[in-house]
file run-v9.csv (CSV, C-alpha atoms)
chain,number,residue,atom,x,y,z
A,29,MET,CA,0.0,0.0,0.0
A,30,SER,CA,1.7,3.2,-1.2
A,31,GLU,CA,1.1,6.5,-2.8
A,32,ASN,CA,1.6,6.8,-6.6
A,33,ILE,CA,2.2,10.6,-6.9
A,34,ASN,CA,3.9,12.3,-9.8
A,35,ASN,CA,5.8,15.2,-8.2
A,36,ASN,CA,6.4,16.8,-11.6
A,37,GLN,CA,2.8,17.6,-12.3
A,38,SER,CA,1.7,21.2,-11.8
A,39,ASP,CA,-2.1,20.8,-12.1
A,40,ASN,CA,-4.4,20.8,-9.1
A,41,LYS,CA,-5.7,17.2,-9.3
A,42,THR,CA,-5.6,15.0,-6.2
A,43,GLU,CA,-3.0,12.3,-6.8
A,44,PRO,CA,-4.0,8.7,-6.5
A,45,VAL,CA,-2.4,6.1,-4.3
A,46,SER,CA,-2.2,2.5,-5.4
A,47,PRO,CA,-3.2,0.0,-2.6
A,48,THR,CA,-1.2,-2.8,-4.3
A,49,SER,CA,2.0,-1.1,-5.3
A,50,ASN,CA,5.2,-1.9,-3.4
A,51,HIS,CA,6.7,1.4,-4.4
A,52,SER,CA,6.4,4.3,-2.0
A,53,PRO,CA,7.7,7.6,-3.4
A,54,ALA,CA,8.4,10.6,-1.3
A,55,ILE,CA,5.7,13.3,-1.3
A,56,ASN,CA,6.5,16.9,-2.1
A,57,ALA,CA,5.1,19.2,0.5
A,58,ASN,CA,3.7,21.5,-2.2
A,59,ASP,CA,1.5,18.7,-3.5
A,60,LEU,CA,-0.2,18.3,-0.1
A,61,THR,CA,-1.2,21.8,0.8
A,62,GLU,CA,-3.9,23.2,-1.5
A,63,PRO,CA,-6.2,22.2,-3.1
A,64,ASN,CA,-6.3,19.2,-0.7
A,65,PRO,CA,-9.0,19.9,1.9
A,66,SER,CA,-7.7,21.1,5.2
A,67,TRP,CA,-8.1,18.9,8.2
A,68,LEU,CA,-10.8,20.8,10.2
A,69,HIS,CA,-10.8,20.5,14.0
A,70,PHE,CA,-7.6,18.5,13.8
A,71,GLU,CA,-6.2,17.6,17.3
A,72,ALA,CA,-3.2,15.5,18.2
A,73,GLN,CA,-1.3,14.7,21.4
A,74,VAL,CA,1.7,12.7,22.4
A,75,LEU,CA,0.6,10.0,24.7
A,76,ASN,CA,4.0,8.4,25.5
A,77,ARG,CA,7.6,8.9,24.6
A,78,SER,CA,10.9,7.0,25.1
A,79,ILE,CA,14.5,7.6,24.0
A,80,ASN,CA,13.7,6.3,20.5
A,81,SER,CA,9.9,6.3,20.1
A,82,VAL,CA,6.8,8.4,20.5
A,83,THR,CA,3.1,7.4,20.6
A,84,ILE,CA,0.7,9.9,19.1
A,85,GLU,CA,-3.0,10.1,19.0
A,86,TRP,CA,-5.1,12.2,16.6
A,87,SER,CA,-8.7,13.0,15.8
A,88,ALA,CA,-10.2,10.9,13.0
A,89,PHE,CA,-11.0,12.3,9.6
A,90,ASP,CA,-14.5,11.3,8.3
A,91,GLY,CA,-14.2,8.9,5.4
A,92,ALA,CA,-10.5,8.1,5.9
A,93,VAL,CA,-9.7,4.4,5.6
A,94,VAL,CA,-6.0,4.6,6.3
A,95,TYR,CA,-3.5,7.1,7.6
A,96,LYS,CA,0.1,7.7,6.5
A,97,ILE,CA,2.5,9.2,9.0
A,98,GLU,CA,5.5,11.1,7.7
A,99,LYS,CA,8.5,12.7,9.3
A,100,PHE,CA,10.3,15.7,8.0
A,101,HIS,CA,14.0,15.4,7.2
A,102,LYS,CA,16.1,18.6,6.7
A,103,ARG,CA,17.7,17.4,3.5
A,104,ARG,CA,15.3,14.7,2.2
A,105,GLY,CA,12.0,16.3,2.9
A,106,TRP,CA,9.0,14.4,4.1
A,107,GLN,CA,9.5,10.6,4.5
A,108,GLN,CA,7.1,7.9,5.4
A,109,VAL,CA,7.6,6.3,8.8
A,110,GLU,CA,4.3,4.4,9.5
A,111,TRP,CA,0.9,3.3,8.1
A,112,SER,CA,-2.1,2.9,10.3
A,113,SER,CA,-5.8,2.4,10.0
A,114,SER,CA,-6.6,3.9,13.4
A,115,SER,CA,-5.2,6.0,16.2
A,116,PRO,CA,-3.0,5.9,18.3
A,117,ILE,CA,0.2,4.6,16.9
A,118,THR,CA,3.8,4.2,18.1
A,119,ILE,CA,6.6,5.5,15.9
A,120,PHE,CA,9.9,3.8,16.4
A,121,ASN,CA,13.6,4.3,15.4
A,122,LEU,CA,13.7,8.0,16.2
A,123,GLU,CA,16.7,9.9,17.3
A,124,GLU,CA,17.4,10.2,21.0
A,125,ASN,CA,16.5,13.5,22.7
A,126,PHE,CA,15.3,15.0,19.4
A,127,SER,CA,12.4,17.1,18.3
A,128,CYS,CA,10.6,15.4,15.4
A,129,ARG,CA,8.3,17.1,12.9
A,130,LEU,CA,5.5,14.8,11.9
A,131,ARG,CA,2.3,15.0,9.8
A,132,ILE,CA,-0.6,12.7,9.2
A,133,ILE,CA,-2.2,12.1,5.7
A,134,ALA,CA,-5.7,10.8,5.6
A,135,LEU,CA,-6.5,8.5,2.7
A,136,HIS,CA,-9.5,6.8,1.3
A,137,LEU,CA,-10.2,4.2,-1.4
A,138,ALA,CA,-10.9,5.7,-4.8
A,139,ALA,CA,-14.2,4.9,-6.6
A,140,GLU,CA,-12.4,2.5,-9.0
A,141,GLY,CA,-11.0,0.6,-6.0
A,142,THR,CA,-7.6,0.4,-7.5
A,143,HIS,CA,-5.8,3.1,-5.5
A,144,TYR,CA,-6.0,5.5,-2.5
A,145,GLU,CA,-6.6,9.2,-2.7
A,146,VAL,CA,-5.5,11.9,-0.3
A,147,LEU,CA,-8.3,13.4,1.7
A,148,ALA,CA,-6.4,15.8,3.9
A,149,VAL,CA,-3.1,16.6,5.4
A,150,SER,CA,-2.8,17.5,9.1
A,151,PRO,CA,-0.8,20.4,10.5
A,152,ASP,CA,2.6,19.6,11.7
A,153,VAL,CA,2.9,17.6,15.0
A,154,ILE,CA,6.0,18.2,17.1
A,155,ALA,CA,7.1,15.2,19.2
A,156,ILE,CA,10.2,15.1,21.3
A,157,THR,CA,11.9,11.9,22.3
A,158,GLU,CA,13.5,11.6,25.8
A,159,ALA,CA,17.1,11.6,26.6
A,160,ALA,CA,18.7,8.5,28.0
A,161,LEU,CA,19.2,8.5,31.8
A,162,PRO,CA,22.6,9.8,32.7
A,163,SER,CA,25.2,7.3,33.7
A,164,THR,CA,28.0,7.3,36.3
A,165,ASN,CA,30.5,7.9,33.5
A,166,CYS,CA,28.5,10.9,32.3
A,167,LEU,CA,28.4,12.4,35.8
A,168,HIS,CA,32.1,11.7,36.4
A,169,ARG,CA,33.1,13.5,33.2
A,170,ALA,CA,30.8,16.5,34.0
A,171,ILE,CA,32.5,16.8,37.5
A,172,ARG,CA,36.0,16.6,36.0
A,173,LYS,CA,35.1,19.3,33.5
A,174,GLY,CA,33.6,21.5,36.2
A,175,GLN,CA,30.1,21.5,34.6
A,176,GLN,CA,28.1,22.6,37.6
A,177,PHE,CA,24.7,23.1,35.8
A,178,LEU,CA,25.1,19.8,33.9
A,179,VAL,CA,25.8,18.0,37.2
A,180,LYS,CA,22.6,19.6,38.7
A,181,ARG,CA,20.6,18.5,35.7
A,182,MET,CA,21.9,14.9,35.9
A,183,LEU,CA,21.1,14.6,39.6
A,184,ARG,CA,17.6,16.1,39.0
A,185,ARG,CA,17.0,13.4,36.4
A,186,ARG,CA,18.6,10.5,38.3
A,187,PRO,CA,19.1,11.4,42.0
A,188,SER,CA,20.5,7.9,42.8
A,189,LEU,CA,23.8,8.7,41.0
A,190,ILE,CA,25.2,10.1,44.2
A,191,ASP,CA,25.4,6.6,45.6
A,192,TYR,CA,27.4,5.0,42.7
A,193,PRO,CA,31.2,5.2,42.3
A,194,GLY,CA,32.7,6.5,39.1
A,195,PRO,CA,35.1,4.6,36.9
A,196,ASN,CA,37.9,5.4,39.3
A,197,GLY,CA,36.1,3.9,42.3
A,198,PHE,CA,35.3,7.2,44.0
A,199,LEU,CA,31.9,8.6,44.7
A,200,PRO,CA,30.8,11.9,43.1
A,201,LEU,CA,31.6,14.0,46.2
A,202,ALA,CA,35.1,12.6,46.5
A,203,ASN,CA,35.8,13.3,42.8
A,204,ALA,CA,34.5,16.9,43.2
A,205,ILE,CA,36.8,17.4,46.2
A,206,THR,CA,39.8,16.0,44.2
A,207,GLN,CA,39.0,18.5,41.5
A,208,GLY,CA,38.5,21.3,44.0
A,209,GLU,CA,35.2,22.3,42.4
A,210,MET,CA,33.5,24.2,45.3
A,211,CYS,CA,30.3,24.9,43.3
A,212,ILE,CA,29.9,21.2,42.4
A,213,ILE,CA,30.6,20.2,46.0
A,214,ASP,CA,27.8,22.5,47.2
A,215,VAL,CA,25.5,20.9,44.6
A,216,LEU,CA,26.4,17.4,45.6
A,217,LEU,CA,26.0,18.1,49.3
A,218,SER,CA,22.6,19.7,48.6
A,219,ALA,CA,21.7,16.5,46.7
A,220,GLY,CA,22.4,14.4,49.8
A,221,CYS,CA,25.9,13.0,49.2
A,222,SER,CA,27.4,11.3,52.3
A,223,VAL,CA,30.4,13.0,53.9
A,224,HIS,CA,31.5,9.7,55.4
A,225,VAL,CA,32.2,7.6,52.3
A,226,GLY,CA,34.6,8.6,49.4
A,227,ASN,CA,35.8,5.2,48.1
A,228,PRO,CA,33.8,2.2,49.4
A,229,SER,CA,36.5,-0.3,48.6
A,230,CYS,CA,39.4,1.4,50.5
A,231,HIS,CA,37.3,3.3,53.0
A,232,THR,CA,38.7,6.7,52.0
A,233,THR,CA,36.5,9.5,53.1
A,234,PRO,CA,36.0,12.9,51.4
A,235,LEU,CA,37.9,14.5,54.3
A,236,HIS,CA,41.0,12.3,53.6
A,237,LEU,CA,41.0,13.7,50.0
A,238,ALA,CA,40.4,17.3,51.1
A,239,PHE,CA,43.4,17.1,53.4
A,240,TYR,CA,45.6,15.3,50.9
A,241,HIS,CA,44.9,17.8,48.1
A,242,GLY,CA,45.1,20.8,50.4
A,243,HIS,CA,41.5,22.0,49.9
A,244,LEU,CA,41.0,23.9,53.2
A,245,GLN,CA,37.6,25.3,52.3
A,246,SER,CA,36.3,21.8,51.4
A,247,ALA,CA,37.6,20.5,54.7
A,248,ARG,CA,35.8,23.2,56.7
A,249,ILE,CA,32.5,22.5,54.9
A,250,LEU,CA,32.9,18.7,55.5
A,251,LEU,CA,33.6,19.2,59.2
A,252,ASN,CA,30.6,21.5,59.5
A,253,LYS,CA,28.6,18.6,58.0
A,254,LYS,CA,29.8,16.3,60.8
A,255,ALA,CA,32.6,14.5,58.9
A,256,GLN,CA,34.8,12.4,61.2
A,257,LEU,CA,38.3,13.9,61.8
A,258,GLU,CA,39.5,10.5,63.2
A,259,ALA,CA,38.0,8.4,60.4
A,260,VAL,CA,40.5,5.7,59.2
A,261,ASP,CA,40.9,4.2,55.7
A,262,PHE,CA,42.0,0.8,54.7
A,263,ASN,CA,45.6,1.6,55.7
A,264,GLY,CA,44.5,2.9,59.1
A,265,MET,CA,45.3,6.5,58.1
A,266,THR,CA,43.4,9.5,59.5
A,267,PRO,CA,42.9,12.6,57.5
A,268,ALA,CA,45.9,14.1,59.3
A,269,HIS,CA,48.0,11.3,57.9
A,270,SER,CA,46.7,12.2,54.5
A,271,ALA,CA,47.8,15.8,55.0
A,272,VAL,CA,51.3,14.5,55.9
A,273,ASP,CA,51.4,12.3,52.7
A,274,GLY,CA,50.4,15.2,50.6
A,275,ASN,CA,53.0,17.4,52.3
A,276,GLN,CA,50.2,19.9,53.1
A,277,LEU,CA,51.5,22.1,55.9
A,278,GLU,CA,48.5,24.4,56.2
A,279,MET,CA,46.1,21.4,56.2
A,280,LEU,CA,48.1,19.7,58.9
A,281,LYS,CA,48.0,22.9,61.0
A,282,PHE,CA,44.3,23.1,60.5
A,283,ALA,CA,43.9,19.4,61.5
A,284,LEU,CA,45.9,19.9,64.7
A,285,GLU,CA,44.0,23.1,65.6
A,286,SER,CA,40.7,21.2,65.0
A,287,GLY,CA,41.7,18.5,67.6
A,288,SER,CA,43.2,15.8,65.4
A,289,ASN,CA,45.1,13.1,67.4
A,290,LEU,CA,48.8,13.8,67.2
A,291,GLU,CA,49.8,10.3,68.1
A,292,ALA,CA,47.3,8.4,65.8
A,293,ARG,CA,48.9,5.4,64.2
A,294,ASP,CA,48.3,3.7,60.9
A,295,ARG,CA,48.7,0.0,60.1
A,296,CYS,CA,52.5,0.2,60.2
A,297,GLY,CA,52.3,1.8,63.6
A,298,TRP,CA,53.5,5.2,62.3
A,299,THR,CA,52.4,8.3,64.1
A,300,LEU,CA,52.1,11.5,62.2
A,301,LEU,CA,55.8,12.3,62.9
A,302,LEU,CA,57.0,8.9,61.9
A,303,ARG,CA,55.1,9.0,58.7
A,304,ALA,CA,56.4,12.5,57.9
A,305,VAL,CA,59.9,11.1,58.1
A,306,VAL,CA,59.1,8.1,55.9
A,307,MET,CA,57.3,10.2,53.3
A,308,ASN,CA,60.1,12.7,53.2
A,309,ALA,CA,57.8,15.6,54.2
A,310,ASP,CA,59.2,19.2,54.3
A,311,LEU,CA,61.2,20.1,57.4
A,312,GLU,CA,58.7,22.8,58.3
A,313,LEU,CA,56.0,20.1,58.5
A,314,VAL,CA,58.2,18.0,60.8
A,315,LYS,CA,58.9,21.1,63.0
A,316,LEU,CA,55.2,21.8,63.2
A,317,LEU,CA,54.6,18.3,64.6
A,318,VAL,CA,57.5,18.6,67.1
A,319,THR,CA,56.3,22.0,68.2
A,320,HIS,CA,52.8,20.6,68.9
A,321,GLY,CA,54.4,18.0,71.1
A,322,ALA,CA,54.9,14.9,68.9
A,323,ASP,CA,56.7,12.1,70.8
A,324,LEU,CA,60.2,11.7,69.4
A,325,ALA,CA,60.5,8.5,71.4
A,326,ALA,CA,57.5,6.8,69.8
A,327,ILE,CA,58.3,3.6,68.0
A,328,ASP,CA,56.5,1.8,65.1
A,329,ASP,CA,55.6,-1.9,64.9
A,330,LEU,CA,59.3,-2.8,64.1
A,331,GLY,CA,60.6,-0.9,67.1
A,332,LYS,CA,62.0,2.1,65.0
A,333,ASN,CA,61.7,5.6,66.3
A,334,CYS,CA,61.9,8.8,64.3
A,335,CYS,CA,65.8,9.0,64.4
A,336,ASP,CA,66.0,5.4,63.3
A,337,LEU,CA,63.7,6.0,60.4
A,338,ALA,CA,65.6,9.1,59.4
A,339,ARG,CA,68.8,7.1,59.2
A,340,LEU,CA,67.1,4.2,57.5
A,341,TYR,CA,65.5,6.3,54.8
A,342,LYS,CA,68.4,8.8,54.6
A,343,ARG,CA,66.4,11.8,55.7
A,344,THR,CA,69.5,13.9,56.6
A,345,GLU,CA,67.7,17.2,57.4
A,346,ALA,CA,65.1,15.5,59.6
A,347,GLY,CA,67.8,13.4,61.4
A,348,ASP,CA,69.9,16.5,62.1
A,349,TYR,CA,66.9,18.3,63.4
A,350,PHE,CA,66.0,15.5,65.8
A,351,GLU,CA,69.5,15.5,67.1
A,352,LYS,CA,69.3,19.2,67.8
A,353,VAL,CA,66.0,18.8,69.5
A,354,HIS,CA,67.2,16.0,71.6
A,355,THR,CA,70.4,17.9,72.6
A,356,PHE,CA,68.3,21.0,73.5
A,357,ARG,CA,65.9,19.0,75.6
A,358,GLN,CA,68.9,17.3,77.5
A,359,MET,CA,70.4,20.7,78.2
A,360,LYS,CA,67.1,22.1,79.3
A,361,LEU,CA,66.6,19.1,81.6
A,362,LYS,CA,70.1,19.7,83.2
A,363,VAL,CA,69.4,23.3,83.7
A,364,THR,CA,66.1,22.5,85.3
A,365,ARG,CA,67.7,20.1,87.7
A,366,ALA,CA,70.5,22.4,88.5
A,367,THR,CA,68.2,25.3,89.4
A,368,LYS,CA,65.8,23.1,91.4
A,369,PRO,CA,66.0,23.8,95.1
A,370,THR,CA,67.2,20.9,97.2
A,371,ASP,CA,65.0,19.6,99.9
A,372,LEU,CA,66.1,20.5,103.5
call {"tool": "encode", "arguments": {"input": "run-v9.csv", "output": "structure tokens"}}
result
Amino acid sequence: MSENINNNQSDNKTEPVSPTSNHSPAINANDLTEPNPSWLHFEAQVLNRSINSVTIEWSAFDGAVVYKIEKFHKRRGWQQVEWSSSSPITIFNLEENFSCRLRIIALHLAAEGTHYEVLAVSPDVIAITEAALPSTNCLHRAIRKGQQFLVKRMLRRRPSLIDYPGPNGFLPLANAITQGEMCIIDVLLSAGCSVHVGNPSCHTTPLHLAFYHGHLQSARILLNKKAQLEAVDFNGMTPAHSAVDGNQLEMLKFALESGSNLEARDRCGWTLLLRAVVMNADLELVKLLVTHGADLAAIDDLGKNCCDLARLYKRTEAGDYFEKVHTFRQMKLKVTRATKPTDL
């Protein structure tokens, strides 16, 4: 069943459509405007839509036996997509998240019974297919590129994305903190992201990442949201340990001022000071820990103290500093004993 229309004719005759022909030529839009009768009181609505289909319903045309549905293509013009004897009908194989321009042609059987004739052509019907649900990869890329409004749209469309790790194993909030995107961090916190889980597999928290990457503002916000300053990851490290690993002097100072445990130990038994020596942190960071009262005599699981580790890992500056501190404390102790009044 197809239309047999000669597009080269310039007269005003209604073109016949053969019900038995297998050939379905394209229809020129000029052939279907006037003198074909207009479709009075035409009404249409989109009942349902998906990422690649739409279901449309329209008002019937008196005397119509069959309807031809066409879609407009920018270069190819109007193209047939479906035939139907009744409404509604679902049109498949459409582009995702795309606005389709459709029209409906009402046909009836000619008196000879050998072909169909056009009764009326409907006004254009605009139908929009849906976009596919955003994936964790899409959200991860949007965070990495700093697309705040795109992140907001994705979460509005699929709120559960905040609970799924990205391709690197980290949850969205953790990735935003790694990138230092404060606007996206605010969006994710408003969407309900947990401040206690950053990487479910290694138990890294968003606070660990904020301290490691030196994002002070992020750390303040997380602490205000009740993030745990003494949370430990798979390696037994606290956020203060992460600040030491990242050689973040200001973050470590903030952690100590916020009440972080100076003698917290990781799985190797390393305190903040011991880890600073092993990780070759700046001398200023080591001095900060000593100034805050770090125990120079503390030993790890292998019985090594900070001086032993400095010699083992060839941390010359740290080793010399520890020797000076030890010498100073010995001299101070002698002076204190010498000036202490003897008991009568």
call {"tool": "residues_around", "arguments": {"input": "run-v9.csv", "residues": "range 179-192 of chain A", "least_positions_apart": "6", "cutoff": "12 Å", "atoms": "all atoms listed in the file", "output": "PyMOL selection string"}}
result
chain A and resi 158-173+198-204+209+211-228
call {"tool": "axis_aligned_box", "arguments": {"input": "run-v9.csv", "around": "range 340-347 of chain A", "padding_each_side": "8 Å", "output": "lines of an AutoDock Vina configuration file"}}
result
center_x = 67.3
center_y = 10.7
center_z = 58.0
size_x = 20.4
size_y = 29.0
size_z = 22.8
call {"tool": "closest_residue", "arguments": {"input": "run-v9.csv", "among": "A:Ser150, A:Gln175, A:Asn121, A:Ser288", "to": "Gln256 in chain A", "atoms": "only C-alpha atoms"}}
result
A:Ser288
call {"tool": "residues_around", "arguments": {"input": "run-v9.csv", "residues": "Asp152 in chain A", "least_positions_apart": "5", "cutoff": "10 Å", "atoms": "only C-alpha atoms", "output": "list in words"}}
result
Ala72, Glu98, Lys99, Phe100, Cys128, Arg129, Leu130, Arg131 and Ile132 of chain A
call {"tool": "write_last_selection", "arguments": {"input": "run-v9.csv", "atoms": "C-alpha atoms", "output": "mmCIF file, in the coordinates of the input"}}
result
data_model
loop_
_atom_site.group_PDB
_atom_site.id
_atom_site.type_symbol
_atom_site.label_atom_id
_atom_site.label_comp_id
_atom_site.auth_asym_id
_atom_site.auth_seq_id
_atom_site.Cartn_x
_atom_site.Cartn_y
_atom_site.Cartn_z
ATOM 1 C CA ALA A 72 -3.200 15.500 18.200
ATOM 2 C CA GLU A 98 5.500 11.100 7.700
ATOM 3 C CA LYS A 99 8.500 12.700 9.300
ATOM 4 C CA PHE A 100 10.300 15.700 8.000
ATOM 5 C CA CYS A 128 10.600 15.400 15.400
ATOM 6 C CA ARG A 129 8.300 17.100 12.900
ATOM 7 C CA LEU A 130 5.500 14.800 11.900
ATOM 8 C CA ARG A 131 2.300 15.000 9.800
ATOM 9 C CA ILE A 132 -0.600 12.700 9.200
#
call {"tool": "residues_around", "arguments": {"input": "run-v9.csv", "residues": "Thr118 in chain A", "least_positions_apart": "3", "cutoff": "9 Å", "atoms": "all atoms listed in the file", "output": "mmCIF file with C-alpha atoms, in the frame of the given file"}}
result
data_model
loop_
_atom_site.group_PDB
_atom_site.id
_atom_site.type_symbol
_atom_site.label_atom_id
_atom_site.label_comp_id
_atom_site.auth_asym_id
_atom_site.auth_seq_id
_atom_site.Cartn_x
_atom_site.Cartn_y
_atom_site.Cartn_z
ATOM 1 C CA ASN A 76 4.000 8.400 25.500
ATOM 2 C CA ARG A 77 7.600 8.900 24.600
ATOM 3 C CA SER A 81 9.900 6.300 20.100
ATOM 4 C CA VAL A 82 6.800 8.400 20.500
ATOM 5 C CA THR A 83 3.100 7.400 20.600
ATOM 6 C CA ILE A 84 0.700 9.900 19.100
ATOM 7 C CA GLU A 110 4.300 4.400 9.500
#
call {"tool": "atom_distance", "arguments": {"input": "run-v9.csv", "atom1": "CA of Phe262 in chain A", "atom2": "CA of Cys230 in chain A"}}
result
5.0 Å
call {"tool": "atom_distance", "arguments": {"input": "run-v9.csv", "atom1": "CA of Asp310 in chain A", "atom2": "CA of Ala283 in chain A"}}
result
16.9 Å
call {"tool": "atom_distance", "arguments": {"input": "run-v9.csv", "atom1": "CA of Asn196 in chain A", "atom2": "CA of Thr232 in chain A"}}
result
12.8 Å
call {"tool": "closest_residue", "arguments": {"input": "run-v9.csv", "among": "A:Ala309, A:Leu300, A:Leu147, A:Val260", "to": "Ile133 in chain A", "atoms": "only C-alpha atoms"}}
result
A:Leu147
call {"tool": "closest_residue", "arguments": {"input": "run-v9.csv", "among": "A:Ile249, A:Ile327, A:Val74, A:Leu235", "to": "Asp261 in chain A", "atoms": "all atoms listed in the file"}}
result
A:Leu235
call {"tool": "build_atoms", "arguments": {"input": "run-v9.csv", "residues": "range 170-187 of chain A", "atoms": "N, CA, C and O atoms", "output": "PDB file, in the frame of the given file"}}
result
ATOM      1  N   ALA A 170      31.339  15.119  33.772  1.00  0.00           N
ATOM      2  CA  ALA A 170      30.800  16.500  34.000  1.00  0.00           C
ATOM      3  C   ALA A 170      31.534  17.083  35.255  1.00  0.00           C
ATOM      4  O   ALA A 170      31.841  18.287  35.268  1.00  0.00           O
ATOM      5  N   ILE A 171      31.799  16.270  36.278  1.00  0.00           N
ATOM      6  CA  ILE A 171      32.500  16.800  37.500  1.00  0.00           C
ATOM      7  C   ILE A 171      33.939  17.143  37.102  1.00  0.00           C
ATOM      8  O   ILE A 171      34.446  18.200  37.512  1.00  0.00           O
ATOM      9  N   ARG A 172      34.603  16.296  36.341  1.00  0.00           N
ATOM     10  CA  ARG A 172      36.000  16.600  36.000  1.00  0.00           C
ATOM     11  C   ARG A 172      36.111  17.849  35.132  1.00  0.00           C
ATOM     12  O   ARG A 172      37.109  18.571  35.226  1.00  0.00           O
ATOM     13  N   LYS A 173      35.090  18.144  34.323  1.00  0.00           N
ATOM     14  CA  LYS A 173      35.100  19.300  33.500  1.00  0.00           C
ATOM     15  C   LYS A 173      34.534  20.562  34.183  1.00  0.00           C
ATOM     16  O   LYS A 173      34.464  21.635  33.598  1.00  0.00           O
ATOM     17  N   GLY A 174      34.087  20.386  35.433  1.00  0.00           N
ATOM     18  CA  GLY A 174      33.600  21.500  36.200  1.00  0.00           C
ATOM     19  C   GLY A 174      32.224  22.029  35.692  1.00  0.00           C
ATOM     20  O   GLY A 174      31.906  23.220  35.851  1.00  0.00           O
ATOM     21  N   GLN A 175      31.396  21.148  35.115  1.00  0.00           N
ATOM     22  CA  GLN A 175      30.100  21.500  34.600  1.00  0.00           C
ATOM     23  C   GLN A 175      29.036  21.503  35.665  1.00  0.00           C
ATOM     24  O   GLN A 175      28.301  20.535  35.815  1.00  0.00           O
ATOM     25  N   GLN A 176      28.963  22.595  36.416  1.00  0.00           N
ATOM     26  CA  GLN A 176      28.100  22.600  37.600  1.00  0.00           C
ATOM     27  C   GLN A 176      26.611  22.422  37.199  1.00  0.00           C
ATOM     28  O   GLN A 176      25.910  21.609  37.819  1.00  0.00           O
ATOM     29  N   PHE A 177      26.131  23.134  36.195  1.00  0.00           N
ATOM     30  CA  PHE A 177      24.700  23.100  35.800  1.00  0.00           C
ATOM     31  C   PHE A 177      24.375  21.714  35.194  1.00  0.00           C
ATOM     32  O   PHE A 177      23.270  21.202  35.363  1.00  0.00           O
ATOM     33  N   LEU A 178      25.321  21.127  34.475  1.00  0.00           N
ATOM     34  CA  LEU A 178      25.100  19.800  33.900  1.00  0.00           C
ATOM     35  C   LEU A 178      25.004  18.762  35.017  1.00  0.00           C
ATOM     36  O   LEU A 178      24.157  17.855  34.971  1.00  0.00           O
ATOM     37  N   VAL A 179      25.847  18.886  36.032  1.00  0.00           N
ATOM     38  CA  VAL A 179      25.800  18.000  37.200  1.00  0.00           C
ATOM     39  C   VAL A 179      24.418  18.109  37.870  1.00  0.00           C
ATOM     40  O   VAL A 179      23.784  17.107  38.232  1.00  0.00           O
ATOM     41  N   LYS A 180      23.947  19.338  38.016  1.00  0.00           N
ATOM     42  CA  LYS A 180      22.600  19.600  38.700  1.00  0.00           C
ATOM     43  C   LYS A 180      21.520  18.927  37.855  1.00  0.00           C
ATOM     44  O   LYS A 180      20.603  18.311  38.417  1.00  0.00           O
ATOM     45  N   ARG A 181      21.584  19.062  36.529  1.00  0.00           N
ATOM     46  CA  ARG A 181      20.600  18.500  35.700  1.00  0.00           C
ATOM     47  C   ARG A 181      20.571  16.944  35.772  1.00  0.00           C
ATOM     48  O   ARG A 181      19.515  16.296  35.841  1.00  0.00           O
ATOM     49  N   MET A 182      21.762  16.359  35.782  1.00  0.00           N
ATOM     50  CA  MET A 182      21.900  14.900  35.900  1.00  0.00           C
ATOM     51  C   MET A 182      21.290  14.383  37.177  1.00  0.00           C
ATOM     52  O   MET A 182      20.586  13.366  37.199  1.00  0.00           O
ATOM     53  N   LEU A 183      21.594  15.068  38.264  1.00  0.00           N
ATOM     54  CA  LEU A 183      21.100  14.600  39.600  1.00  0.00           C
ATOM     55  C   LEU A 183      19.599  14.827  39.690  1.00  0.00           C
ATOM     56  O   LEU A 183      18.918  14.064  40.391  1.00  0.00           O
ATOM     57  N   ARG A 184      19.090  15.860  39.038  1.00  0.00           N
ATOM     58  CA  ARG A 184      17.600  16.100  39.000  1.00  0.00           C
ATOM     59  C   ARG A 184      16.947  14.956  38.281  1.00  0.00           C
ATOM     60  O   ARG A 184      15.864  14.511  38.650  1.00  0.00           O
ATOM     61  N   ARG A 185      17.589  14.504  37.197  1.00  0.00           N
ATOM     62  CA  ARG A 185      17.000  13.400  36.400  1.00  0.00           C
ATOM     63  C   ARG A 185      17.195  12.073  37.035  1.00  0.00           C
ATOM     64  O   ARG A 185      16.306  11.206  36.943  1.00  0.00           O
ATOM     65  N   ARG A 186      18.330  11.849  37.681  1.00  0.00           N
ATOM     66  CA  ARG A 186      18.600  10.500  38.300  1.00  0.00           C
ATOM     67  C   ARG A 186      19.315  10.764  39.632  1.00  0.00           C
ATOM     68  O   ARG A 186      20.541  10.674  39.727  1.00  0.00           O
ATOM     69  N   PRO A 187      18.553  11.040  40.688  1.00  0.00           N
ATOM     70  CA  PRO A 187      19.100  11.400  42.000  1.00  0.00           C
ATOM     71  C   PRO A 187      20.013  10.258  42.580  1.00  0.00           C
ATOM     72  O   PRO A 187      20.926  10.532  43.359  1.00  0.00           O
TER      73      PRO A 187
END
